[in-house]
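Report on the structure given below.
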Amino acid sequence: MTALAWPGAAGTGGAAEISPGEHEERIPALDAATVAALEPRALRARGCRAVTIGQPVSLGADDEFDIRFVRFLREAMSSLLIVGWSLAAPYPGDVSDISHLPPPAAPDAADAGPAAGQARSWREQYGFGHCYYRLGPEFVHIIDVRDVDEAARFLLDEPPAAEAFLLLAGAVRLSEVPPLAAELAEQLSGARLLAVSGDWATVLPARLERWPLPCTAV
Amino acid sequence: MSSPRVLLGVMPWKALTSPSLPLGLLRSVCREHGRPMPATWYGSLRWAEFLLDKTGGEITPDDYGYVSDTGIFHSLGDWVFGGVLTGDEEFGYQPFLDYLGRAGFDPGKVVPMRALAADFIAEAAAEISSGDPDIVGFSTTFMQNVPTLALAQRIKQIAPDVTIVLGGGNCDGPMGAALHRNHPFIDFVLRGEGEEAFPFLLDTIGSGQDYRAIPGLCWRDNGTSVANPEQRVPLPPGRIPMPDYADWAERFGDSPVRQYVQPSLILESSRGCWWGEAHQCTFCGLNGTLMEFRSKPADRVIAEIETAVRDYKILDITMVDNIADNASYTDVFPRLAKLDWDLRIQYEIKSNLRAGQARMLREAHVLSVQPGIESLSSGVLRLMDKGVRGPHNVRALRDLESEHVTVSWNWLYGFPGELASEYTDAFRQVPRIVHLQPPQSSSRILLERFSPNFDQPGLGFAARRPAEAYQYIYDLPAVELADLAYLFDTDETGIGADLEAQLQEAVAGWTRDYRESFLSRTVGHDRERTGVLISDRRAGWPRRDTEITDPVLVRAYLHLEHGRTVPRLLSLLTEENLAVDTAAVLDWIDELDEAGLIWREGDYCVTLATWSEPVKAGQAA
């Protein structure tokens, strides 16, 4: 982590209360263990605005990694952490399901491979805040405008359902979640609100901890 | 005697997103007085549904929103119902459209809407009278006047025994008396706050008691309109109830309108304006006859927000305070910040934010503010008695951008005595702040009733007449319109057409460039260094990083982030025992100026780089 040193002594007026601003960090490569340990909220809390992942990311080979990476992107979007990354092997599901998450870098124009095709499609469809949830006291609102013609709003207004949703917001094994969460997972999956790879799953709507300007745009 | 059946109504152009605060308050008041809570009738939702239905979805709630959000200064929504009220479909029809054309204002879909207004009013009156109410009360504010009058008139035609009562902002002062005097189908107009007067009126109707005892009431004595003097004692904050929106929540939940809009609750933590009590902004008439600031205790504000969110499961909240209490930064916002709920709260605030206050707003889920920026020039702000300087407003824009708080503001001009040089100086510097949120519009100030500009002709608006649109909507003599109007036309003052065009151009450029412009800075950006790194990615400027490493200049930069005059900056640096080379500091300030990194007004400078970059709507991946 970059150390933030404060210049000079605490001064007068506003200078003493100045926010240090933001820095960027680099992560050489990701595997299931490192991606599990990455917490965008904690990165943001220490002033990190952007992370760059050195190695291109391969999806579709490891169910756990795929879901943990999707969760990482979702949490990054949630806390407005910019992620610089590129795609080496494509996501095995429908890219329009994850098009609201930070897309990979634009591939070379000459690259006609499947990863490049998916990266282009992802970038075209991307829209910040197109699929998110809002937490209230024992209820959850879900707003999904990934497809403008089928924009949908959902309200989980039963406390156990809200609790199950938050459980599914982790990277979970579906075979291990309680029956109510499994039932909700099925419903969310039907509404394209759950990423599933093998037995692993996580919800797709991101919680907006930072809102865009204007905040009414989503 | 059994309680009368009371129905409370609210007409277009009430925003479709939210319940009516006055109706919610009066429901609570009735309950507190041991009366049955009046049913409510949301003519706003009903009209939006009617438009959807009758046009096969061609006229949507978005079209309604265009009128309700933008039409006020041209009485767009009133005109839609003008033909029904006057009983003459042709009344004011073409002259109004010609007027809009001259003003360059897009009429949206008001023409097809007007063609449906008579059927709607007939249907609405039949629906209301079928419930056999004894009393129908309407709250009317801004463009609700004509739709309300049109419906009231129709109800009286088909159910003459129904007592019609009007209240709300449009009834304040002489406006309410004129409404009553000119519309015999209105039985009563209640002027001023209704929490005490409304139950008083309900007790008095049919009791044989004297209507003279009800402060502010307009009533008829043997057919003659009588206006009782208004109550000048404001309702104490402890007696301002929490609104009851249960019926609206049910109604809204069942409406097809719900598919088009995100609902927002309306709450209030204070009434009146603490700034306006001592220094009313010269153009503002929003508080009508009652300016006294009254703030609810923090415990109540928090409890009301929590209760409303739990009851209605809605996370968007619009606080209708004219201006948030300064104490909120210590007693309300820190407690809101502790709620782990994804609230989206809107507040009006004063723009002279202190360091850290923008962050407090964001952490308190106050994601949208209206800070009353109005202008970026100190001289103009002084003319409007705003109590802030131009650079303070620029600083507020910078801090709110840094904390990702949405800012709504308009750039106002046309103040008597304003100097052209202040505008040209601001225009020169606008390209420097294209990374900060631009105004939604720039507009010449209007003369509003109750404002100092209206009450004191000596301020420069001696010549005034009711705004032009009124004559195309109300079939009333000029002398009556003069009492009924809220907006007035005047002779133009302040800057002329040339500068006006330059201002519009500057704002258009700013709006165009905002989305792709960023200017941010990091302090102590590197493990080894402790300087300031400024990253410039503003449209129209070279893409570059500027690094400040000299310890004296780093301190100077941080002082300028607060905003300082050059002499004050030099003395601060000297007080900190830094070895200050005055000439070098002055050169460096000139360099910052050249690179567009500060806003400069005379010798006052404030830095422009944000400390965090937001996501902007529509920004590319």
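Lettering and numbering for the structure tokens are positional, with chains as A, B, ... in the shown order, residues counted from 1 in each chain, and ligands counted from 1 in the shown order.
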Could you list the residues in chain B lying within 8 Å of chain A, using only C-alpha atoms, and format the result as a PyMOL selection string?
chain B and resi 309-310+313+315+340-343+354-356+367-368+404-407+521-527+529-531+551+554-555+558-559+561-562+572+576+611-612+614-618+621
Could you pull the residues within 12 Å of Glu186 (chain A), counting only C-alpha atoms, minus those fewer than 2 positions along the same chain, as a compact mmCIF listing (two decimals) with N, CA and C atoms, in the first residue's frame?
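The file below, part.txt, is the result:
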```
# COMPACT_ATOMS: atom_id res chain seq x y z
N ALA A 164 -31.50 -13.76 3.09
CA ALA A 164 -31.00 -14.76 2.13
C ALA A 164 -30.28 -14.08 0.97
N PHE A 165 -30.81 -12.94 0.54
CA PHE A 165 -30.17 -12.21 -0.57
C PHE A 165 -28.75 -11.80 -0.16
N LEU A 168 -26.41 -14.61 -0.32
CA LEU A 168 -26.04 -14.94 -1.70
C LEU A 168 -25.12 -13.87 -2.32
N LEU A 174 -23.91 -23.40 -3.81
CA LEU A 174 -25.37 -23.54 -3.72
C LEU A 174 -25.77 -24.78 -2.94
N VAL A 177 -26.07 -23.76 0.90
CA VAL A 177 -26.89 -22.68 1.47
C VAL A 177 -28.20 -23.24 2.02
N PRO A 179 -32.24 -23.83 2.76
CA PRO A 179 -33.29 -24.00 1.75
C PRO A 179 -33.88 -22.68 1.25
N LEU A 180 -34.10 -21.73 2.15
CA LEU A 180 -34.71 -20.47 1.71
C LEU A 180 -33.80 -19.73 0.73
N ALA A 181 -32.51 -19.75 1.01
CA ALA A 181 -31.55 -19.10 0.10
C ALA A 181 -31.49 -19.84 -1.23
N ALA A 182 -31.60 -21.17 -1.16
CA ALA A 182 -31.57 -21.96 -2.40
C ALA A 182 -32.80 -21.63 -3.25
N GLU A 183 -33.92 -21.46 -2.58
CA GLU A 183 -35.16 -21.13 -3.30
C GLU A 183 -35.04 -19.74 -3.93
N LEU A 184 -34.51 -18.80 -3.15
CA LEU A 184 -34.33 -17.44 -3.68
C LEU A 184 -33.33 -17.46 -4.85
N LEU A 188 -33.80 -15.80 -8.42
CA LEU A 188 -32.86 -14.79 -8.93
C LEU A 188 -32.25 -15.25 -10.24
N SER A 189 -31.94 -16.52 -10.30
CA SER A 189 -31.35 -17.06 -11.52
C SER A 189 -32.32 -16.91 -12.69
N GLY A 190 -33.59 -17.17 -12.41
CA GLY A 190 -34.63 -17.03 -13.45
C GLY A 190 -34.74 -15.60 -13.95
N ALA A 191 -34.40 -14.65 -13.09
CA ALA A 191 -34.48 -13.24 -13.47
C ALA A 191 -33.12 -12.70 -13.92
N ARG A 192 -32.17 -13.58 -14.17
CA ARG A 192 -30.80 -13.22 -14.58
C ARG A 192 -30.11 -12.33 -13.56
N LEU A 193 -30.40 -12.60 -12.30
CA LEU A 193 -29.81 -11.78 -11.24
C LEU A 193 -28.81 -12.57 -10.41
N LEU A 194 -28.46 -13.77 -10.88
CA LEU A 194 -27.50 -14.61 -10.17
C LEU A 194 -26.49 -15.16 -11.17
N ALA A 195 -25.21 -15.01 -10.84
CA ALA A 195 -24.17 -15.65 -11.65
C ALA A 195 -23.94 -17.04 -11.08
N VAL A 196 -23.97 -18.04 -11.92
CA VAL A 196 -23.78 -19.42 -11.46
C VAL A 196 -22.72 -20.09 -12.32
N ALA A 201 -22.00 -19.64 -6.85
CA ALA A 201 -22.93 -18.58 -7.29
C ALA A 201 -22.71 -17.30 -6.49
N THR A 202 -23.12 -16.20 -7.09
CA THR A 202 -23.19 -14.92 -6.36
C THR A 202 -24.22 -14.03 -7.07
N VAL A 203 -24.81 -13.11 -6.32
CA VAL A 203 -25.83 -12.25 -6.94
C VAL A 203 -25.15 -11.26 -7.88
```
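Across the model, the gap from CA of Asp325 (chain B) to CA of Cys273 (chain B) is 8.8 Å.
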Please identify all polymer residues within 8 Å of region 32-37 of chain A, counting only C-alpha atoms, omitting same-chain residues fewer than 3 positions from it, and present them as a ChimeraX atom specification.
/A:64-65,68-69,72
Computed interatomic separation between CA of Trp79 (chain B) and CA of Gly372 (chain B) (Å)
29.1 Å
Considering only strand (DSSP E) as DSSP defines it on the backbone, what residues of region 44-208 of chain B qualify? List them as a short mmCIF file (atom, residue, chain, number, x, y, z; two decimals) with N, CA and C atoms, in the first residue's frame.
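Generated file (states22.cif):
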```cif
data_model
loop_
_atom_site.label_atom_id
_atom_site.label_comp_id
_atom_site.auth_asym_id
_atom_site.auth_seq_id
_atom_site.Cartn_x
_atom_site.Cartn_y
_atom_site.Cartn_z
N ILE B 135 -67.27 17.74 2.48
CA ILE B 135 -66.26 18.80 2.29
C ILE B 135 -65.15 18.24 1.40
N VAL B 136 -64.76 19.01 0.40
CA VAL B 136 -63.61 18.64 -0.42
C VAL B 136 -62.58 19.76 -0.30
N GLY B 137 -61.40 19.39 0.20
CA GLY B 137 -60.32 20.38 0.35
C GLY B 137 -59.23 20.12 -0.66
N PHE B 138 -58.73 21.17 -1.28
CA PHE B 138 -57.62 21.03 -2.24
C PHE B 138 -56.43 21.85 -1.74
N SER B 139 -55.26 21.28 -1.90
CA SER B 139 -54.04 22.04 -1.67
C SER B 139 -53.52 22.49 -3.03
N THR B 163 -69.05 21.38 0.16
CA THR B 163 -68.28 22.57 0.54
C THR B 163 -66.87 22.44 0.00
N ILE B 164 -66.42 23.47 -0.71
CA ILE B 164 -65.08 23.43 -1.33
C ILE B 164 -64.14 24.36 -0.54
N VAL B 165 -62.99 23.79 -0.15
CA VAL B 165 -61.98 24.56 0.60
C VAL B 165 -60.66 24.50 -0.15
N LEU B 166 -60.00 25.64 -0.27
CA LEU B 166 -58.66 25.69 -0.88
C LEU B 166 -57.64 26.13 0.16
N GLY B 167 -56.44 25.56 0.06
CA GLY B 167 -55.33 26.01 0.90
C GLY B 167 -54.04 25.81 0.12
N PHE B 188 -64.40 28.35 0.79
CA PHE B 188 -63.42 28.88 1.75
C PHE B 188 -62.00 28.79 1.17
N VAL B 189 -61.22 29.79 1.49
CA VAL B 189 -59.78 29.72 1.22
C VAL B 189 -59.06 29.91 2.54
N LEU B 190 -58.21 28.94 2.88
CA LEU B 190 -57.42 29.03 4.11
C LEU B 190 -56.03 29.53 3.76
#
```
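The set of residues in region 9-77 of chain A assigned to alpha helix (DSSP H) by DSSP, using only backbone atoms of this structure, is Ala32, Ala33, Thr34, Val35, Ala36, Ala37, Pro40, Arg41, Ala42, Leu43, Arg44, Ala45, Asp63, Glu64, Phe65, Asp66, Ile67, Arg68, Phe69, Val70, Arg71, Phe72, Leu73, Arg74, Glu75, Ala76 and Met77 of chain A.
Compared by their closest atoms to Leu381 (chain B), and using only C-alpha atoms, the residues B:Leu412, B:Leu570, B:Leu45, B:Val366 rank with B:Leu412 nearest.
Each of B:Val580, B:Val10, B:Val80, B:Ile59 was checked against Tyr474 (chain B) using only C-alpha atoms; the smallest atom-to-atom distance is that of B:Val80.
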Exercise: Leu503 (chain B) partners within 12 Å, only C-alpha atoms, chain neighbours under 2 positions left out, as a PDB file with C-alpha atoms, in the first residue's frame:
```pdb
ATOM      1  CA  SER B 375     -23.849  32.981  -9.388  1.00  0.00           C
ATOM      2  CA  LEU B 376     -20.053  32.725  -9.369  1.00  0.00           C
ATOM      3  CA  ASN B 410     -29.171  27.786 -11.808  1.00  0.00           C
ATOM      4  CA  TRP B 411     -27.031  30.718 -12.858  1.00  0.00           C
ATOM      5  CA  LEU B 412     -29.198  33.765 -12.316  1.00  0.00           C
ATOM      6  CA  TYR B 413     -28.616  37.158 -13.886  1.00  0.00           C
ATOM      7  CA  GLY B 414     -30.397  40.414 -14.457  1.00  0.00           C
ATOM      8  CA  ALA B 420     -20.540  43.503 -17.062  1.00  0.00           C
ATOM      9  CA  GLU B 422     -17.936  40.517 -13.339  1.00  0.00           C
ATOM     10  CA  TYR B 423     -19.559  38.386 -15.987  1.00  0.00           C
ATOM     11  CA  THR B 424     -16.698  38.622 -18.448  1.00  0.00           C
ATOM     12  CA  ASP B 425     -14.284  37.683 -15.679  1.00  0.00           C
ATOM     13  CA  ALA B 426     -16.401  34.642 -14.827  1.00  0.00           C
ATOM     14  CA  PHE B 427     -16.769  33.614 -18.490  1.00  0.00           C
ATOM     15  CA  ARG B 428     -12.996  33.740 -18.876  1.00  0.00           C
ATOM     16  CA  GLN B 429     -12.646  31.246 -16.045  1.00  0.00           C
ATOM     17  CA  VAL B 430     -15.552  28.894 -16.800  1.00  0.00           C
ATOM     18  CA  PRO B 439     -25.857  24.721 -13.833  1.00  0.00           C
ATOM     19  CA  SER B 441     -29.816  26.456 -16.752  1.00  0.00           C
ATOM     20  CA  SER B 442     -28.996  30.127 -16.774  1.00  0.00           C
ATOM     21  CA  SER B 443     -31.914  32.476 -16.533  1.00  0.00           C
ATOM     22  CA  ARG B 444     -32.850  36.071 -15.972  1.00  0.00           C
ATOM     23  CA  ILE B 495     -26.666  42.696 -18.275  1.00  0.00           C
ATOM     24  CA  GLY B 496     -27.931  43.079 -21.819  1.00  0.00           C
ATOM     25  CA  ALA B 497     -28.508  40.661 -24.665  1.00  0.00           C
ATOM     26  CA  ASP B 498     -24.819  40.378 -25.654  1.00  0.00           C
ATOM     27  CA  LEU B 499     -23.621  39.188 -22.281  1.00  0.00           C
ATOM     28  CA  GLU B 500     -26.735  37.108 -21.877  1.00  0.00           C
ATOM     29  CA  ALA B 501     -25.824  35.250 -25.076  1.00  0.00           C
ATOM     30  CA  GLU B 505     -22.781  29.946 -24.594  1.00  0.00           C
ATOM     31  CA  ALA B 506     -20.435  29.503 -21.633  1.00  0.00           C
ATOM     32  CA  VAL B 507     -22.960  27.279 -19.858  1.00  0.00           C
ATOM     33  CA  ALA B 508     -23.598  25.249 -23.016  1.00  0.00           C
ATOM     34  CA  GLY B 509     -19.859  24.619 -23.421  1.00  0.00           C
ATOM     35  CA  TRP B 510     -19.525  23.698 -19.766  1.00  0.00           C
TER      36      TRP B 510
END
```
Near Arg31 (chain B), within 12 Å and counting only C-alpha atoms, which residues show up once chain neighbours fewer than 3 positions away are dropped, as a PyMOL selection string?
chain B and resi 24-28+34-39+195+199+241-244
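Note that the spacing between CA of Ala88 (chain A) and CA of Leu59 (chain A) amounts to 7.5 Å.
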As an MDAnalysis selection string, please: the residues near Gly117 (chain A) (cut-off 10 Å, only C-alpha atoms, same-chain neighbours under 4 positions excluded).
chainID A and resid 90 106:107 111:113 121:122
Using only C-alpha atoms, which protein or nucleic acid residues come within 12 Å of Glu150 (chain A)? Drop anything in the same chain fewer than 3 positions from it, and give the result as JSON, numbers by chain.
{"A": [130, 143, 144, 145, 146, 147, 153, 191, 192], "B": [259]}
